[in-house]
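Next comes start-v3.json, with JSON, C-alpha atoms and all ligand atoms.
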```json
[["chain", "number", "residue", "atom", "x", "y", "z"],
["C", 59, "MET", "CA", -16.65, -56.92, -38.01],
["C", 60, "ASP", "CA", -14.11, -59.58, -36.98],
["C", 61, "THR", "CA", -13.10, -60.23, -33.41],
["C", 62, "CYS", "CA", -9.48, -59.25, -32.95],
["C", 63, "LEU", "CA", -7.57, -59.25, -29.68],
["C", 64, "ALA", "CA", -4.71, -57.16, -30.99],
["C", 65, "THR", "CA", -6.71, -54.17, -32.16],
["C", 66, "ARG", "CA", -9.56, -54.48, -29.67],
["C", 67, "THR", "CA", -12.32, -54.55, -32.25],
["C", 68, "TYR", "CA", -15.04, -56.96, -31.32],
["C", 69, "ALA", "CA", -18.21, -58.22, -32.94],
["C", 70, "PRO", "CA", -21.36, -56.52, -31.64],
["C", 71, "SER", "CA", -22.39, -58.69, -28.68],
["C", 72, "ALA", "CA", -23.56, -58.40, -25.09],
["C", 73, "LEU", "CA", -20.23, -59.96, -24.04],
["C", 74, "MET", "CA", -18.37, -57.48, -21.85],
["C", 75, "HIS", "CA", -14.68, -56.77, -22.35],
["C", 76, "ILE", "CA", -13.03, -55.83, -19.08],
["C", 77, "ARG", "CA", -9.55, -54.76, -18.05],
["C", 78, "PRO", "CA", -7.64, -57.32, -15.94],
["C", 79, "TYR", "CA", -7.57, -55.06, -12.83],
["C", 80, "ARG", "CA", -11.30, -55.67, -12.39],
["C", 81, "VAL", "CA", -10.52, -59.33, -11.71],
["C", 82, "LEU", "CA", -7.29, -58.71, -9.81],
["C", 83, "SER", "CA", -9.07, -56.29, -7.46],
["C", 84, "ILE", "CA", -11.53, -58.92, -6.19],
["C", 85, "GLU", "CA", -10.91, -59.30, -2.45],
["C", 86, "ASP", "CA", -10.17, -62.98, -1.78],
["C", 87, "GLY", "CA", -8.54, -62.88, 1.68],
["C", 88, "ARG", "CA", -5.68, -65.11, 0.50],
["C", 89, "GLU", "CA", -1.97, -64.63, 1.13],
["C", 90, "GLU", "CA", 0.05, -63.23, -1.76],
["C", 91, "GLU", "CA", 2.44, -66.17, -2.12],
["C", 92, "VAL", "CA", 1.71, -68.52, -5.03],
["C", 93, "LYS", "CA", 3.41, -71.66, -6.33],
["C", 94, "PHE", "CA", 3.62, -70.96, -10.04],
["C", 95, "PHE", "CA", 4.46, -73.07, -13.09],
["C", 96, "MET", "CA", 5.83, -71.38, -16.18],
["C", 97, "PRO", "CA", 4.24, -72.24, -19.55],
["C", 98, "PRO", "CA", 6.35, -74.27, -22.00],
["C", 99, "ALA", "CA", 8.53, -72.30, -24.43],
["C", 100, "ASP", "CA", 6.40, -73.26, -27.45],
["C", 101, "GLY", "CA", 3.21, -72.39, -25.55],
["C", 102, "ALA", "CA", 1.32, -75.15, -27.34],
["C", 103, "GLY", "CA", -1.89, -76.19, -25.63],
["C", 104, "SER", "CA", -1.21, -74.20, -22.46],
["C", 105, "LEU", "CA", -2.42, -70.97, -20.93],
["C", 106, "THR", "CA", -0.05, -68.02, -21.12],
["C", 107, "ALA", "CA", 1.58, -67.02, -17.82],
["C", 108, "PHE", "CA", -0.81, -64.06, -17.57],
["C", 109, "GLU", "CA", -3.86, -66.21, -18.30],
["C", 110, "SER", "CA", -2.71, -68.60, -15.57],
["C", 111, "VAL", "CA", -2.56, -65.71, -13.08],
["C", 112, "MET", "CA", -6.04, -64.55, -14.09],
["C", 113, "LEU", "CA", -7.48, -68.05, -13.87],
["C", 114, "LEU", "CA", -5.92, -68.57, -10.43],
["C", 115, "LYS", "CA", -7.34, -65.26, -9.26],
["C", 116, "LEU", "CA", -10.82, -66.35, -10.36],
["C", 117, "VAL", "CA", -10.37, -69.66, -8.52],
["C", 118, "ARG", "CA", -9.32, -67.75, -5.40],
["C", 119, "ALA", "CA", -12.32, -65.44, -5.73],
["C", 120, "ILE", "CA", -14.64, -68.46, -5.58],
["C", 121, "ASN", "CA", -12.59, -70.62, -3.16],
["C", 122, "PRO", "CA", -14.25, -73.71, -4.63],
["C", 123, "ASP", "CA", -14.97, -76.99, -2.89],
["C", 124, "PHE", "CA", -14.99, -78.80, -6.23],
["C", 125, "VAL", "CA", -13.38, -77.95, -9.56],
["C", 126, "PHE", "CA", -14.07, -79.50, -12.98],
["C", 127, "GLU", "CA", -11.74, -79.10, -15.96],
["C", 128, "PHE", "CA", -12.72, -80.06, -19.52],
["C", 129, "GLY", "CA", -9.36, -80.78, -21.20],
["C", 130, "THR", "CA", -6.49, -81.88, -18.96],
["C", 131, "PHE", "CA", -3.78, -81.91, -21.64],
["C", 132, "ASP", "CA", -0.45, -82.24, -19.76],
["C", 133, "GLY", "CA", -2.04, -81.35, -16.41],
["C", 134, "ARG", "CA", -0.16, -78.06, -15.98],
["C", 135, "THR", "CA", -3.22, -75.93, -15.17],
["C", 136, "THR", "CA", -4.65, -78.76, -13.08],
["C", 137, "ARG", "CA", -1.46, -78.67, -11.01],
["C", 138, "LEU", "CA", -1.46, -74.89, -10.71],
["C", 139, "VAL", "CA", -5.00, -74.93, -9.31],
["C", 140, "LEU", "CA", -4.29, -77.99, -7.14],
["C", 141, "GLU", "CA", -1.25, -76.46, -5.43],
["C", 142, "ASP", "CA", -3.17, -73.28, -4.61],
["C", 143, "LEU", "CA", -6.34, -74.94, -3.29],
["C", 144, "PRO", "CA", -6.57, -74.44, 0.49],
["C", 145, "ASP", "CA", -7.10, -77.58, 2.56],
["C", 146, "ASN", "CA", -10.76, -77.73, 3.63],
["C", 147, "GLY", "CA", -10.28, -80.92, 5.65],
["C", 148, "ASP", "CA", -12.07, -82.97, 2.98],
["C", 149, "SER", "CA", -10.25, -86.12, 1.89],
["C", 150, "GLU", "CA", -12.28, -86.84, -1.28],
["C", 151, "SER", "CA", -11.18, -85.78, -4.78],
["C", 152, "ARG", "CA", -11.78, -82.08, -5.31],
["C", 153, "ILE", "CA", -10.49, -81.54, -8.84],
["C", 154, "TYR", "CA", -12.07, -83.58, -11.63],
["C", 155, "THR", "CA", -10.32, -83.31, -14.96],
["C", 156, "LEU", "CA", -11.50, -84.90, -18.19],
["C", 157, "ASP", "CA", -9.57, -85.82, -21.32],
["C", 158, "LEU", "CA", -9.71, -88.37, -24.12],
["C", 159, "PRO", "CA", -8.62, -92.01, -23.73],
["C", 160, "ASP", "CA", -7.76, -91.98, -27.47],
["C", 161, "THR", "CA", -8.52, -89.87, -30.54],
["C", 162, "ASP", "CA", -10.62, -92.38, -32.54],
["C", 163, "GLY", "CA", -13.75, -90.89, -34.13],
["C", 164, "ILE", "CA", -13.24, -87.39, -32.67],
["C", 165, "VAL", "CA", -13.75, -84.31, -34.86],
["C", 166, "PHE", "CA", -10.95, -81.76, -34.41],
["C", 167, "GLN", "CA", -10.28, -78.19, -35.52],
["C", 168, "GLY", "CA", -6.97, -76.31, -35.76],
["C", 169, "ASP", "CA", -4.13, -77.84, -33.72],
["C", 170, "ASP", "CA", -6.51, -79.81, -31.49],
["C", 171, "LYS", "CA", -5.71, -83.23, -32.99],
["C", 172, "LEU", "CA", -1.99, -82.74, -32.43],
["C", 173, "LEU", "CA", -2.60, -81.69, -28.82],
["C", 174, "ALA", "CA", -4.93, -84.61, -28.20],
["C", 175, "GLU", "CA", -2.33, -87.07, -29.53],
["C", 176, "LYS", "CA", 0.22, -85.58, -27.11],
["C", 177, "ALA", "CA", -2.30, -85.58, -24.27],
["C", 178, "VAL", "CA", -3.06, -89.28, -24.62],
["C", 179, "LEU", "CA", 0.65, -90.04, -23.98],
["C", 180, "SER", "CA", 1.11, -87.48, -21.18],
["C", 181, "SER", "CA", 2.00, -88.50, -17.63],
["C", 182, "ARG", "CA", 0.20, -85.28, -16.42],
["C", 183, "LYS", "CA", 2.06, -82.74, -14.30],
["C", 184, "TYR", "CA", -0.36, -82.84, -11.37],
["C", 185, "ASN", "CA", 1.00, -86.36, -10.66],
["C", 186, "GLN", "CA", 4.21, -84.65, -9.48],
["C", 187, "SER", "CA", 2.35, -82.96, -6.64],
["C", 188, "PRO", "CA", 2.16, -84.35, -3.09],
["C", 189, "LYS", "CA", -1.53, -83.39, -3.27],
["C", 190, "LYS", "CA", -2.17, -85.52, -6.37],
["C", 191, "ALA", "CA", -4.74, -87.71, -4.54],
["C", 192, "MET", "CA", -7.10, -84.73, -4.69],
["C", 193, "VAL", "CA", -7.32, -85.08, -8.49],
["C", 194, "LYS", "CA", -9.72, -87.46, -10.21],
["C", 195, "GLN", "CA", -8.85, -88.07, -13.87],
["C", 196, "ILE", "CA", -11.78, -88.97, -16.14],
["C", 197, "LEU", "CA", -10.82, -90.47, -19.50],
["C", 198, "GLN", "CA", -13.80, -90.00, -21.79],
["C", 199, "ASP", "CA", -14.93, -88.12, -24.89],
["C", 200, "SER", "CA", -16.73, -85.07, -23.49],
["C", 201, "MET", "CA", -19.47, -85.55, -26.12],
["C", 202, "THR", "CA", -20.57, -88.75, -24.34],
["C", 203, "PHE", "CA", -20.02, -87.43, -20.81],
["C", 204, "ASP", "CA", -23.10, -87.64, -18.57],
["C", 205, "PRO", "CA", -23.23, -84.68, -16.16],
["C", 206, "SER", "CA", -26.29, -85.94, -14.22],
["C", 207, "PRO", "CA", -24.38, -87.60, -11.32],
["C", 208, "TYR", "CA", -22.65, -84.23, -10.78],
["C", 209, "ALA", "CA", -25.65, -81.86, -10.94],
["C", 210, "GLY", "CA", -24.82, -78.73, -8.94],
["C", 211, "LYS", "CA", -21.57, -80.23, -7.57],
["C", 212, "PHE", "CA", -18.88, -77.96, -8.98],
["C", 213, "ASP", "CA", -18.37, -74.35, -8.01],
["C", 214, "PHE", "CA", -15.53, -73.79, -10.49],
["C", 215, "ILE", "CA", -15.48, -75.16, -14.04],
["C", 216, "PHE", "CA", -12.85, -74.63, -16.73],
["C", 217, "VAL", "CA", -13.90, -75.37, -20.32],
["C", 218, "ASP", "CA", -10.81, -76.01, -22.43],
["C", 219, "ALA", "CA", -11.18, -79.33, -24.29],
["C", 220, "ASN", "CA", -12.26, -79.72, -27.90],
["C", 221, "HIS", "CA", -12.75, -76.27, -29.48],
["C", 222, "GLU", "CA", -15.04, -77.36, -32.32],
["C", 223, "TYR", "CA", -18.50, -75.74, -32.06],
["C", 224, "GLU", "CA", -20.60, -78.83, -31.14],
["C", 225, "TYR", "CA", -18.15, -79.84, -28.39],
["C", 226, "VAL", "CA", -17.93, -76.38, -26.86],
["C", 227, "LYS", "CA", -21.72, -76.15, -26.90],
["C", 228, "ARG", "CA", -22.10, -79.57, -25.22],
["C", 229, "ASP", "CA", -19.35, -78.87, -22.65],
["C", 230, "THR", "CA", -20.97, -75.52, -21.86],
["C", 231, "GLU", "CA", -24.46, -77.00, -21.46],
["C", 232, "ASN", "CA", -23.04, -79.71, -19.21],
["C", 233, "SER", "CA", -21.10, -77.10, -17.21],
["C", 234, "LEU", "CA", -24.28, -75.16, -16.55],
["C", 235, "LYS", "CA", -25.92, -78.36, -15.25],
["C", 236, "MET", "CA", -22.95, -79.13, -12.98],
["C", 237, "LEU", "CA", -22.51, -75.59, -11.63],
["C", 238, "GLY", "CA", -23.59, -75.05, -8.01],
["C", 239, "GLY", "CA", -22.67, -73.42, -4.73],
["C", 240, "ASP", "CA", -23.24, -69.96, -3.25],
["C", 241, "SER", "CA", -20.54, -68.49, -5.44],
["C", 242, "SER", "CA", -19.42, -70.13, -8.67],
["C", 243, "CYS", "CA", -17.67, -69.55, -11.96],
["C", 244, "ILE", "CA", -17.28, -71.05, -15.43],
["C", 245, "VAL", "CA", -14.22, -70.04, -17.44],
["C", 246, "TRP", "CA", -13.70, -70.72, -21.16],
["C", 247, "HIS", "CA", -10.35, -70.57, -22.95],
["C", 248, "ASP", "CA", -9.59, -69.64, -26.57],
["C", 249, "TYR", "CA", -12.08, -66.80, -27.08],
["C", 250, "GLY", "CA", -10.69, -64.78, -29.99],
["C", 251, "ASN", "CA", -8.28, -67.53, -31.04],
["C", 252, "PRO", "CA", -8.19, -67.29, -34.87],
["C", 253, "GLN", "CA", -8.07, -71.10, -35.05],
["C", 254, "PHE", "CA", -11.56, -71.35, -33.53],
["C", 255, "PRO", "CA", -13.85, -68.63, -34.93],
["C", 256, "GLU", "CA", -16.99, -70.69, -34.16],
["C", 257, "LEU", "CA", -16.05, -70.87, -30.48],
["C", 258, "THR", "CA", -15.72, -67.08, -30.40],
["C", 259, "ARG", "CA", -19.08, -66.65, -32.11],
["C", 260, "TYR", "CA", -20.69, -69.20, -29.79],
["C", 261, "LEU", "CA", -19.59, -67.23, -26.70],
["C", 262, "GLU", "CA", -20.69, -63.96, -28.25],
["C", 263, "ASP", "CA", -24.14, -65.46, -28.87],
["C", 264, "LEU", "CA", -24.26, -67.02, -25.41],
["C", 265, "ALA", "CA", -23.66, -63.58, -23.91],
["C", 266, "GLY", "CA", -27.22, -62.73, -25.00],
["C", 267, "SER", "CA", -28.58, -65.07, -22.32],
["C", 268, "LEU", "CA", -25.69, -65.41, -19.81],
["C", 269, "GLU", "CA", -23.55, -62.63, -18.28],
["C", 270, "LEU", "CA", -20.10, -63.13, -19.77],
["C", 271, "TYR", "CA", -16.87, -61.18, -19.32],
["C", 272, "HIS", "CA", -13.82, -61.33, -21.53],
["C", 273, "ILE", "CA", -10.57, -60.34, -19.80],
["C", 274, "GLU", "CA", -8.67, -58.11, -22.20],
["C", 275, "GLY", "CA", -5.19, -59.28, -23.19],
["C", 276, "THR", "CA", -6.26, -62.90, -22.69],
["C", 277, "MET", "CA", -8.40, -65.52, -24.41],
["C", 278, "LEU", "CA", -10.37, -66.08, -21.19],
["C", 279, "VAL", "CA", -14.11, -65.51, -20.86],
["C", 280, "PHE", "CA", -15.96, -66.12, -17.61],
["C", 281, "HIS", "CA", -19.41, -66.25, -16.06],
["C", 282, "MET", "CA", -19.58, -65.61, -12.31],
["C", 283, "ARG", "CA", -22.36, -66.00, -9.75],
["C", 284, "GLY", "CA", -22.45, -64.89, -6.12],
["C", 285, "ALA", "CA", -19.18, -62.93, -6.37],
["C", 286, "LYS", "CA", -18.57, -59.52, -7.78],
["C", 287, "ILE", "CA", -15.80, -58.27, -10.02],
["C", 288, "GLY", "CA", -14.07, -55.01, -9.11],
["C", 289, "ASP", "CA", -15.65, -51.71, -10.09],
["C", 290, "GLU", "CA", -14.48, -49.84, -13.14],
["C", 291, "ARG", "CA", -12.05, -47.04, -12.29],
["C", 292, "THR", "CA", -13.34, -43.67, -13.31],
["C", 293, "ALA", "CA", -11.14, -40.79, -14.38],
["C", 294, "ALA", "CA", -10.37, -38.42, -11.47],
["C", 301, "LIG", "C1", -5.91, -77.01, -25.05],
["C", 301, "LIG", "S1", -5.76, -78.58, -24.35],
["C", 301, "LIG", "C2", -6.18, -78.33, -22.65],
["C", 301, "LIG", "C3", -5.18, -77.48, -21.89],
["C", 301, "LIG", "C4", -5.34, -77.54, -20.40],
["C", 301, "LIG", "N1", -6.67, -77.14, -19.99],
["C", 301, "LIG", "C5", -4.34, -76.60, -19.76],
["C", 301, "LIG", "O1", -4.72, -75.47, -19.37],
["C", 301, "LIG", "O2", -3.16, -76.98, -19.67],
["C", 301, "LIG", "C6", -7.19, -79.38, -24.96],
["C", 301, "LIG", "C7", -7.34, -80.81, -24.46],
["C", 301, "LIG", "O3", -8.66, -81.26, -24.77],
["C", 301, "LIG", "C8", -8.61, -82.62, -25.07],
["C", 301, "LIG", "N2", -9.77, -82.99, -25.89],
["C", 301, "LIG", "C9", -9.96, -82.76, -27.22],
["C", 301, "LIG", "N3", -11.14, -83.26, -27.61],
["C", 301, "LIG", "C10", -11.72, -83.78, -26.51],
["C", 301, "LIG", "C11", -12.95, -84.46, -26.28],
["C", 301, "LIG", "N4", -13.83, -84.67, -27.27],
["C", 301, "LIG", "N5", -13.22, -84.91, -25.03],
["C", 301, "LIG", "C12", -12.34, -84.69, -24.03],
["C", 301, "LIG", "N6", -11.17, -84.06, -24.18],
["C", 301, "LIG", "C13", -10.85, -83.62, -25.41],
["C", 301, "LIG", "C14", -7.30, -82.82, -25.77],
["C", 301, "LIG", "O4", -6.85, -84.15, -25.67],
["C", 301, "LIG", "C15", -6.38, -81.81, -25.06],
["C", 301, "LIG", "O5", -5.65, -82.44, -24.05]]
```
Represent the supplied structure as structure tokens.
Amino acid sequence: MDTCLATRTYAPSALMHIRPYRVLSIEDGREEEVKFFMPPADGAGSLTAFESVMLLKLVRAINPDFVFEFGTFDGRTTRLVLEDLPDNGDSESRIYTLDLPDTDGIVFQGDDKLLAEKAVLSSRKYNQSPKKAMVKQILQDSMTFDPSPYAGKFDFIFVDANHEYEYVKRDTENSLKMLGGDSSCIVWHDYGNPQFPELTRYLEDLAGSLELYHIEGTMLVFHMRGAKIGDERTAA
């Protein structure tokens, strides 16, 4: 059976498909006002507006000290998270975001090469923020990235770089090494994207050993520790 977002048929897997309200109903103690950035009209390479809201809600649920993003692209999601991160009095960089310095020797699938070529030339949107000093840009192929200096450092990690199987696997393994804190979360993008069937299968397999939730109506999958998603509503 194929995975299909539109018809809600999924491959048999331990991965759990949840309605968005179960994320939105997590109590985070934050004010309702948000500085939001609309996705580009062509949508290329970016989260949808709804995915951005869901991602931000997960960030709020964790209230992370340190965030890591695999795949900066034009820095739109980096900026969204940056603007919403409450000041914790810490002056060091709190958002680390990794992208390629160039595209030489990289294996790509789907539209990824096109996006990477754009990304290399991008001036990154988070640079427009007065809080930009909180962002540390790492320019490196994620396949050669060494997570050991960052073991247990990040309490929120977003995996959205190269969507080819070996890269997603490596980025995921590195994320698990870098994940730490009392409450923490890893989010993956592009689950169910027809361009990247191996990524979808990888997450469905991973769900056999790691608790994973897919938020219906999005291509987001997440793993959360130390925080609880909202209960399922039962019929009255
Ligand atoms: C879909 S975009 C990221 C979108 C971004 N997370 C956002 O929400 O706006 C994927 C990015 O991954 C980068 N990328 C592709 N292969 C990579 C690799 N091997 N190492 C690091 N970054 C890579 C591309 O250059 C591109 O900017």
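Excluding Phe254 of chain C itself and same-chain residues fewer than 6 positions from it, the residues having an atom within 9 Å of it are Gln167, Gly168, His221, Glu222, Tyr223 and Asp248 of chain C, counting only C-alpha atoms.
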Quiz prompt | Shortest interatomic distance to Asn121 of chain C - which of C:Asp218, C:Asp240, C:Asp229, C:Asp170, counting only C-alpha atoms | solution =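 Of C:Asp218, C:Asp240, C:Asp229, C:Asp170, the one nearest Asn121 of chain C, counting only C-alpha atoms, is C:Asp240.
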Contacts between ligand LIG 301 (chain C) and chain C, please, where a residue of chain C counts if it comes within 8 Å (with only C-alpha atoms and all ligand atoms); show its shortest atom pair and distance in Å to one decimal, rows by chain and ascending number, as JSON lines.
```
{"residue": "C:Ala102", "atom": "CA", "partner": "C:LIG301", "partner_atom": "C1", "distance": 7.8}
{"residue": "C:Gly103", "atom": "CA", "partner": "C:LIG301", "partner_atom": "C1", "distance": 4.1}
{"residue": "C:Ser104", "atom": "CA", "partner": "C:LIG301", "partner_atom": "O2", "distance": 4.4}
{"residue": "C:Leu105", "atom": "CA", "partner": "C:LIG301", "partner_atom": "O1", "distance": 5.3}
{"residue": "C:Glu127", "atom": "CA", "partner": "C:LIG301", "partner_atom": "N1", "distance": 6.8}
{"residue": "C:Phe128", "atom": "CA", "partner": "C:LIG301", "partner_atom": "N6", "distance": 6.3}
{"residue": "C:Gly129", "atom": "CA", "partner": "C:LIG301", "partner_atom": "O3", "distance": 3.7}
{"residue": "C:Thr130", "atom": "CA", "partner": "C:LIG301", "partner_atom": "C4", "distance": 4.7}
{"residue": "C:Phe131", "atom": "CA", "partner": "C:LIG301", "partner_atom": "O5", "distance": 3.1}
{"residue": "C:Asp132", "atom": "CA", "partner": "C:LIG301", "partner_atom": "O2", "distance": 5.9}
{"residue": "C:Gly133", "atom": "CA", "partner": "C:LIG301", "partner_atom": "O2", "distance": 5.6}
{"residue": "C:Arg134", "atom": "CA", "partner": "C:LIG301", "partner_atom": "O2", "distance": 4.9}
{"residue": "C:Thr135", "atom": "CA", "partner": "C:LIG301", "partner_atom": "O1", "distance": 4.5}
{"residue": "C:Thr136", "atom": "CA", "partner": "C:LIG301", "partner_atom": "O2", "distance": 7.0}
{"residue": "C:Leu156", "atom": "CA", "partner": "C:LIG301", "partner_atom": "C12", "distance": 5.9}
{"residue": "C:Asp157", "atom": "CA", "partner": "C:LIG301", "partner_atom": "N6", "distance": 3.7}
{"residue": "C:Leu158", "atom": "CA", "partner": "C:LIG301", "partner_atom": "C12", "distance": 4.5}
{"residue": "C:Thr161", "atom": "CA", "partner": "C:LIG301", "partner_atom": "N3", "distance": 7.7}
{"residue": "C:Ile164", "atom": "CA", "partner": "C:LIG301", "partner_atom": "N4", "distance": 6.1}
{"residue": "C:Val165", "atom": "CA", "partner": "C:LIG301", "partner_atom": "N4", "distance": 7.6}
{"residue": "C:Phe166", "atom": "CA", "partner": "C:LIG301", "partner_atom": "N3", "distance": 7.0}
{"residue": "C:Asp170", "atom": "CA", "partner": "C:LIG301", "partner_atom": "C9", "distance": 6.2}
{"residue": "C:Lys171", "atom": "CA", "partner": "C:LIG301", "partner_atom": "C9", "distance": 7.2}
{"residue": "C:Leu173", "atom": "CA", "partner": "C:LIG301", "partner_atom": "C15", "distance": 5.3}
{"residue": "C:Ala174", "atom": "CA", "partner": "C:LIG301", "partner_atom": "O4", "distance": 3.2}
{"residue": "C:Glu175", "atom": "CA", "partner": "C:LIG301", "partner_atom": "O4", "distance": 6.6}
{"residue": "C:Lys176", "atom": "CA", "partner": "C:LIG301", "partner_atom": "O5", "distance": 7.3}
{"residue": "C:Ala177", "atom": "CA", "partner": "C:LIG301", "partner_atom": "O5", "distance": 4.6}
{"residue": "C:Val178", "atom": "CA", "partner": "C:LIG301", "partner_atom": "O4", "distance": 6.5}
{"residue": "C:Leu197", "atom": "CA", "partner": "C:LIG301", "partner_atom": "C12", "distance": 7.5}
{"residue": "C:Gln198", "atom": "CA", "partner": "C:LIG301", "partner_atom": "C12", "distance": 5.9}
{"residue": "C:Asp199", "atom": "CA", "partner": "C:LIG301", "partner_atom": "N5", "distance": 3.6}
{"residue": "C:Ser200", "atom": "CA", "partner": "C:LIG301", "partner_atom": "N5", "distance": 3.8}
{"residue": "C:Met201", "atom": "CA", "partner": "C:LIG301", "partner_atom": "N4", "distance": 5.8}
{"residue": "C:Phe216", "atom": "CA", "partner": "C:LIG301", "partner_atom": "N1", "distance": 7.4}
{"residue": "C:Val217", "atom": "CA", "partner": "C:LIG301", "partner_atom": "N1", "distance": 7.5}
{"residue": "C:Asp218", "atom": "CA", "partner": "C:LIG301", "partner_atom": "N1", "distance": 4.9}
{"residue": "C:Ala219", "atom": "CA", "partner": "C:LIG301", "partner_atom": "O3", "distance": 3.2}
{"residue": "C:Asn220", "atom": "CA", "partner": "C:LIG301", "partner_atom": "N3", "distance": 3.7}
{"residue": "C:His221", "atom": "CA", "partner": "C:LIG301", "partner_atom": "N3", "distance": 7.4}
{"residue": "C:Tyr225", "atom": "CA", "partner": "C:LIG301", "partner_atom": "N4", "distance": 6.6}
```
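Put simply, atom CA of Ser180 of chain C is 20.0 Å away from atom CA of Gly163 of chain C.
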Self-check item: Length of the atom CA of Met192 of chain C to atom CA of Leu237 of chain C vector [Å]
Solution: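 For atom CA of Met192 of chain C relative to atom CA of Leu237 of chain C, the distance reads 19.2 Å.
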Self-check item: Close residues, segment 272-275 of chain C itself excluded, 10 Å, all atoms listed in the file, min 5 positions apart in chain, as a PyMOL selection string
Solution: chain C and resi 63-64+66+73-81+108-109+112+245-247+249-250+261-262+280-281
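When all atoms listed in the file are used to compute distances to Ser187 of chain C, the closest of the residues C:Ala265, C:Ala119, C:Leu138, C:Cys243 turns out to be C:Leu138.
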Segment 237-246 of chain C: axis-aligned bounding box, 8 Å on each side, centre and edge lengths in Å, one decimal, as AutoDock Vina command-line options:
```
--center_x -18.6 --center_y -72.0 --center_z -12.2 --size_x 25.9 --size_y 23.1 --size_z 33.9
```
Quiz item: What lies within 12 Å of Ala107 of chain C using all atoms listed in the file, ignoring chain neighbours under 6 positions off, as a list in words?
Solution: Phe94, Phe95, Met96, Pro97, Pro98, Ala99, Gly101, Leu113, Leu114, Arg134, Thr135, Leu138, Gly275 and Thr276 of chain C
Quiz prompt | Pick from C:Ala72, C:Gly87, C:Tyr271, C:Pro159, whichever lies nearest to Ile287 of chain C using all atoms listed in the file | solution =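 Checking each of C:Ala72, C:Gly87, C:Tyr271, C:Pro159 against Ile287 of chain C, counting all atoms listed in the file, the winner is C:Tyr271.
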Quiz item: How far is it from atom CA of Phe214 of chain C to atom CA of Val125 of chain C, in Å with one decimal?
Solution: 4.8 Å
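Distances here use only C-alpha atoms; by that measure, the residue among C:Leu82, C:Lys115, C:Ser242, C:Ser149 closest to Ala285 of chain C is C:Ser242.
Closest to Glu91 of chain C among C:Asp289, C:Glu141, C:Ile120, C:Leu268 is C:Glu141, based on all atoms listed in the file.
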Quiz item: Smallest atom-to-atom distance to Ser71 of chain C: which of C:Arg182, C:Arg118, C:Arg259, C:Arg88, using all atoms listed in the file?
Solution: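 Looking only at the distances to Ser71 of chain C, the closest residue turns out to be C:Arg259.
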